[in-house]
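Reviewing the structure listed below.
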Amino acid sequence: MGNKRNRIAGNRRGVWFFLGLVPWLVGATPGPPEPAEQLVGIWGSERVLGPQVRGELTLVRSEGTWRARIAGFDVPARVDGRKVSVVFPGGQGELRGTLAEDGRRITGHWIQPRVLMSGMKFATPVELRALHAEVWRGEVAPLEDRFSLYLVVRKQPDGSVSAFIRNPERNFGNRMMFRVGLQGGAVRLTAASGNVQLDGTFDAQAGRLSLRLPSMDTTFDFTRRERTQAVGLHARTLAPGPYVYQRPIAEEDGWATASLSEVGMDVQPIRQLVQRILDQEPGPESAPAIQGLLVARHGKLVVEEYFQGFDKERPHDLRSAAKSYASVMIGIALDQGAPFTVDTPVLSLFPEYKGRLANLDARKRKLTVAHLMTMSTGLACDDDDPASPGNEDRLEDDVPDWYRYTLDLPMVRGPGEKAVYCSANINLLGGVLRNVTRMWIPEFFEKNLATPLQMRGYHLDLMPTGEQYLGGGIYMRPRDALKLGQLYLSGGMWNGRRVVSQRWVERSTANHATMGDGRTYGYTWWRHELRVGDRVYSEYEASGNGGQLVMVVPELDLVVMFTAGNYNHVAIWRKFREELLPQFILGAVTAK
């Protein structure tokens with residue numbers, strides 16, 4: 001399933017959205033025309049809420065003193081050996097970098113302030129190159145905190161005016177209809193239950209509708225939009241028309257490309273699938289909000305399509321699909337000879353907590369790294385139970401150390417007895433990785449995954465301690481996220497380079513646990529069987545809330561990725577695997 005952190009309803013550490021799930025039923029008695037009729041149409045508001053500090057970063061060394069300049073700031077930098085760090089005033093950002101031995105580059109990460117939408121900080125890779133002996137310069141491109149709102153106002157048969165909201169980034173306002181009222185210049189949107197109300201103003205002369213969202217303490221200004229101007233409302237802004245398949249364009253990110261016919265796939269089912277996405281019109285009811293579709297076969301990218309304002313350079317929130325990177329990094333650490341195994345007791349890998357943990361008993365002492373990777377720890381941790389003390393939403397700012405909080409949880413059963421979905425289990429792998437490698441996890445990720453997989457423009461979410469959260473939530477370009485599936489399909493190789501051992505690939509995708517719904521689970525990989533006609537194919541996947549799916553079908557040498565915005569609607573996005581994948585993509589395979 002997907003991680004609940006950052007989720008729209010019950011957002012753990014960011015904005016707490018208050019829209020419920022109760023539809024408004026329109027009455028049947030016609031009435032006189034309402035003033036609100038003049039609001040009928042499409043309204044849009046696209047906002048970038050931060051961060052403010054971004055752009056060109058320059059480090060200057062003069063007479064042994066270092067200074068950093070960006071976005072009007074000019075502050076001192078700290079140098080310790082080859083480590084370079086800068087903390088900007090007001091929590092506006094931080095640089096953690098390393099000067100290369102030849103002095104020509106400084107590589108590291110930019111840590112941005114918390115984004116409003118999730119409440120998390122993010123670390124983004126940055127590289128500064130020497131302009132000359134005393135000056136290094138590079139570009140800081142933190143994660144944009146985007147928030148787009150589209151308000152669709154319609155007149156109902158009874159003469160009343162209703163509206164629904166669409167938000168491609170966070171699914172805000174999902175499954176809710178509002179009754180629209182306009183009196184003078186005052187606008188009020190009211191849900192049927194009456195406990196959800198949005199107030200604002202309408203300036204007819206300026207053509208501006210303003211609505212205040214109390215939970216965000218922000219007012220959004222809307223303007224009227226034609227279809228071509230509502231970038232995130234429709235699948236694409238162009239008028240509907242026949243989809244024409246095009247071979248993806250190769251670029252310098254390691255992907256070779258090919259046409260569908262060159263890899264033994266029929267274009268017609270793919271054309272039908274993309275056309276189905278393009279033809280979908282926005283409405284008040286929940287529907288598949290597919291934002292990206294990528295397909296690779298025989299190691300070549302053959303389908304690359306984006307929707308709802310997304311494109312190949314816009315990173316997407318992977319949610320819990322990012323959990324699978326945790327076990328990949330554990331495998332890499334083992335390959336490199338780190339001093340532990342999957343059977344090592346977890347408590348022995350956290351010596352900093354020795355003698356300080358709560359609820360310590362014989363069962364907890366038997367907890368191993370493998371139990372973390374299969375979510376079968378026995379700890380009182382269940383993301384599907386709001387009352388569970390280990391539920392992911394409990395990890396708040398007043399919990400300074402998430403590793404210790406998790407290890408302090410009581411045991412409710414013996415390790416290995418039952419697998420229960422728990423993000424905190426996977427996050428504990430980060431503490432294991434940090435302690436056995438003695439590296440900051442973003443540095444380990446950059447060195448051992450991002451660099452060999454030729455990734456760029458990704459953003460790693462951080463805990464209050466500044467360490468990377470491994471329970472999910474990496475923002476990444478879909479082309480780069482797809483590489484995780486191709487890496488495993490190729491037995492741990494990417495473009496001829498060994499990244500992780502084939503033994504680990506096989507071990508981590510094998511069946512190690514069974515969840516309550518009957519699905520089997522490996523080391524952070526879900527396992528399924530898919531039926532196409534009279535054939536059954538084995539599939540394993542990295543899976544995230546909303547429809548972030550990296551799906552591998554080894555028998556067909558195929559990797560498929562969906563990105564989507566159906567957060568907290570598993571009934572919708574599970575159909576990507578259960579229906580769309582078999583019918584349109586596996587069904588398109590004509591030859592091996």
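By order of appearance in the structure tokens: chains A, B, ..., then residues from 1 within every chain, and ligands from 1 in the order shown.
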Item to complete: Show which residues sit within 9 Å of A:Arg531, as a PyMOL selection string. Count only C-alpha atoms, and ignore same-chain residues fewer than 3 positions away.
Response: chain A and resi 534-537+578+582
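Between atom CA of A:Leu357 and atom CA of A:Pro410 lies a distance of 10.3 Å.
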Practice prompt. Would you return as JSON, numbers by chain the members of stretch 408-587 of chain A that DSSP assigns to alpha helix (DSSP H) on this structure's backbone?
Written response: {"A": [423, 424, 425, 426, 427, 428, 429, 430, 431, 432, 433, 434, 435, 436, 437, 441, 442, 443, 444, 445, 478, 479, 480, 481, 482, 483, 484, 485, 486, 487, 488, 489, 502, 503, 504, 505, 506, 507, 508, 570, 571, 572, 573, 574, 575]}
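Of note, atom CA of A:Gly337 and atom CA of A:Lys366 are spaced 22.8 Å apart.
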Item to complete: Tell me which of A:Gly81, A:Leu182, A:Gly173, A:Gly91 sits closest to A:Leu213, counting only C-alpha atoms.
Response: A:Gly173
Would you mind listing, for every residue of stretch 125-196 of chain A within 8 Å of stretch 455-466 of chain A, the two atoms forming the shortest contact and the distance between them in Å to one decimal, using only C-alpha atoms, sorted by chain and ascending residue number, as a Markdown table?
```
| residue | atom | partner | partner_atom | distance |
| --- | --- | --- | --- | --- |
| A:Pro125 | CA | A:Gly457 | CA | 7.2 |
| A:Ala141 | CA | A:Gly457 | CA | 7.7 |
| A:Pro142 | CA | A:His459 | CA | 7.5 |
| A:Leu143 | CA | A:His459 | CA | 6.5 |
```
Practice prompt. Using only C-alpha atoms, pick whichever of A:Ile330, A:Leu318, A:Leu39, A:Ala510 has the shortest atom-to-atom distance to A:Gly185.
Written response: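 So, comparing all the options, the nearest one is A:Leu39.
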